[in-house]
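Here is the structure we will look at, set down as structure tokens.
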Amino acid sequence: MLIDAHCHASMFEDVEKELQNAKKANVNLLISNSVDFESMQKNIELAKKYKEIKILLGMHPEEVLNMQKKEIDEAFDFIEKNIKECIGIGETGLDYKYAETKEQKEWQIDCFSRHIEIAKKYDLAIEAHSRRAQSVVLNMLEKAGAKNVLLHWFYADTKTVKKAMSLEYFISVGPSIISNESLKTIIENYPIEKILFETDCPAILFNGERVDSSWIQRVAKRVAEIKGISFGEIEEITENNAKKLFGTKLNV
Ligand SMILES: [Zn+2]
């Protein structure tokens, strides 16, 4: 079975059609991340309705910049009250494309720390976003002693990639592997036991084409090619990787 380890099902216009298309490409499980209060509520409904959708609860680093302390507190209360509905915490992390000032960065760091603490408290996996802040994200996770980490859409310099490897964090690879040569080098060197696939759909375009979860098949083919293993093998390995990351909560 192929798995889309990072998408946003709460933003799908037609959930059933998306699931059907994914299934045709043997993508039978979608791990849907939350970004704000509304998407957390929507994701909980989706997880109750569709066995193919598992969810994470959390607030995207871009979204937390628009939230006041009171709203953040309420959102964390909501996460704790609904903790049994999710299999992990996400989408969380840092995004320094959006956090430009020192205050904004500190605010994201504060919110990310709280996500890490919740994940630790309930022994849940974390899906972390780290655009333009990869080493800060890694340092924070390491310092907090976070286990079961997935670095989503991970792309970093050699030193930071090595650090992620030594911390034994998982990384998820998206459609950019199809054409990005420097990402290819990262994947060549990263242990296959720590790789998952993702699309981050539906808000992603690749060469002008809208990406959906069926694209996992193309990503898997490309990674199998890079790693010099068969499609069947990569399918089995990445399914096991997801089981290791999410533990019994994945329940598939
Ligand atoms: Zn995302």
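Starting from 1 in every chain, residues are counted up; chains themselves are A, B, ... following the order of the structure tokens, and ligands are numbered from 1 as listed.
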
Please, which residues of segment 44-159 of chain A, numbered as in this document, come out strand (DSSP E or B) from DSSP, as a list in words?
Ile53, Lys54, Ile55, Leu56, Leu57, Gly88, Ile89, Gly90, Glu91, Thr92, Gly93, Ala125, Ile126, Glu127, Ala128, His129, Val149, Leu150 and Leu151 of chain A

Report as a Markdown table the residues of chain A within 8 Å of ligand 1, each with its shortest atom pair and distance in Å (one decimal), using only C-alpha atoms and all ligand atoms, ordered by chain and increasing residue number.
| residue | atom | partner | partner_atom_place_in_ligand_line | distance |
| --- | --- | --- | --- | --- |
| A:His6 | CA | ligand 1 | 1 (Zn) | 6.3 |
| A:Cys7 | CA | ligand 1 | 1 (Zn) | 5.9 |
| A:His8 | CA | ligand 1 | 1 (Zn) | 6.5 |
| A:Asn33 | CA | ligand 1 | 1 (Zn) | 6.5 |
| A:Val35 | CA | ligand 1 | 1 (Zn) | 7.8 |
| A:His60 | CA | ligand 1 | 1 (Zn) | 7.9 |
| A:Glu91 | CA | ligand 1 | 1 (Zn) | 6.3 |
| A:His129 | CA | ligand 1 | 1 (Zn) | 7.5 |
| A:His152 | CA | ligand 1 | 1 (Zn) | 7.6 |
| A:Asp200 | CA | ligand 1 | 1 (Zn) | 4.8 |
| A:Cys201 | CA | ligand 1 | 1 (Zn) | 7.6 |

Residue subset to file, keeping C-alpha atoms, as a PDB file, in the first residue's frame:
ATOM      1  CA  HIS A   6       1.310  14.677   4.389  1.00  0.00           C
ATOM      2  CA  CYS A   7      -1.718  16.253   2.738  1.00  0.00           C
ATOM      3  CA  HIS A   8      -4.611  18.543   3.643  1.00  0.00           C
ATOM      4  CA  ASN A  33      -2.602  17.688   8.488  1.00  0.00           C
ATOM      5  CA  VAL A  35      -3.392  24.201   9.829  1.00  0.00           C
ATOM      6  CA  HIS A  60       0.666  25.778  10.738  1.00  0.00           C
ATOM      7  CA  GLU A  91       1.304  20.681  10.830  1.00  0.00           C
ATOM      8  CA  HIS A 129       7.494  22.177   8.624  1.00  0.00           C
ATOM      9  CA  HIS A 152       7.863  17.325   5.864  1.00  0.00           C
ATOM     10  CA  ASP A 200       0.998  18.372   0.500  1.00  0.00           C
ATOM     11  CA  CYS A 201      -2.063  18.541  -1.796  1.00  0.00           C
TER      12      CYS A 201
END

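As for atom CA of Gly90 of chain A and atom CA of Met165 of chain A, they are spaced 20.6 Å apart.
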
When you draw a straight line from atom CA of Ala144 of chain A to atom CA of Glu85 of chain A, how long is it in Å?
24.2 Å

Nearest to Glu235 of chain A, restricted to only C-alpha atoms and choosing among A:Arg132, A:Arg218, A:Lys163, A:Lys121, comes out as A:Arg218

Distance query segment 191-193 of chain A at most 8 Å, only C-alpha atoms, self and fewer than 5 positions along chain excluded, as a PDB file with N, CA and C atoms, in the first residue's frame:
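Output (around.pdb):
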ATOM      1  N   MET A 165      19.628  12.928   9.896  1.00  0.00           N
ATOM      2  CA  MET A 165      19.925  11.507   9.792  1.00  0.00           C
ATOM      3  C   MET A 165      20.400  10.950  11.139  1.00  0.00           C
ATOM      4  N   LYS A 227      16.978   4.700  -5.606  1.00  0.00           N
ATOM      5  CA  LYS A 227      17.518   3.754  -4.621  1.00  0.00           C
ATOM      6  C   LYS A 227      17.895   2.411  -5.237  1.00  0.00           C
ATOM      7  N   ILE A 237       8.458  -1.106   2.116  1.00  0.00           N
ATOM      8  CA  ILE A 237       9.346  -0.409   3.069  1.00  0.00           C
ATOM      9  C   ILE A 237       8.680   0.860   3.618  1.00  0.00           C
ATOM     10  N   THR A 238       8.090   1.655   2.716  1.00  0.00           N
ATOM     11  CA  THR A 238       7.519   2.934   3.186  1.00  0.00           C
ATOM     12  C   THR A 238       6.260   2.713   4.029  1.00  0.00           C
ATOM     13  N   ASN A 241       7.628   1.976   7.311  1.00  0.00           N
ATOM     14  CA  ASN A 241       8.159   3.213   7.895  1.00  0.00           C
ATOM     15  C   ASN A 241       7.044   4.011   8.573  1.00  0.00           C
TER      16      ASN A 241
END

Near Glu38 of chain A, counting only C-alpha atoms, which residues have an atom at most 10 Å away, once you skip same-chain residues fewer than 4 positions from it, shown as a PyMOL selection string?
chain A and resi 10+34+42-43+75

Which residue out of A:Glu16, A:Lys244, A:Asp73, A:Phe197 has the minimum interatomic distance to Lys221 of chain A when only C-alpha atoms are used?
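Checking each of A:Glu16, A:Lys244, A:Asp73, A:Phe197 against Lys221 of chain A, counting only C-alpha atoms, the winner is A:Phe197.
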
Distance in Å - atom CA of Ile83 of chain A versus atom CA of Leu19 of chain A
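Computing it gives 24.4 Å between the two atoms.
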
Would you pick out the contacts of Asn21 of chain A at 12 Å or less, using only C-alpha atoms, so that residues sharing its chain but fewer than 2 positions from it are not included, and give the list as a ChimeraX atom specification?
/A:14-19,23-30,211-217
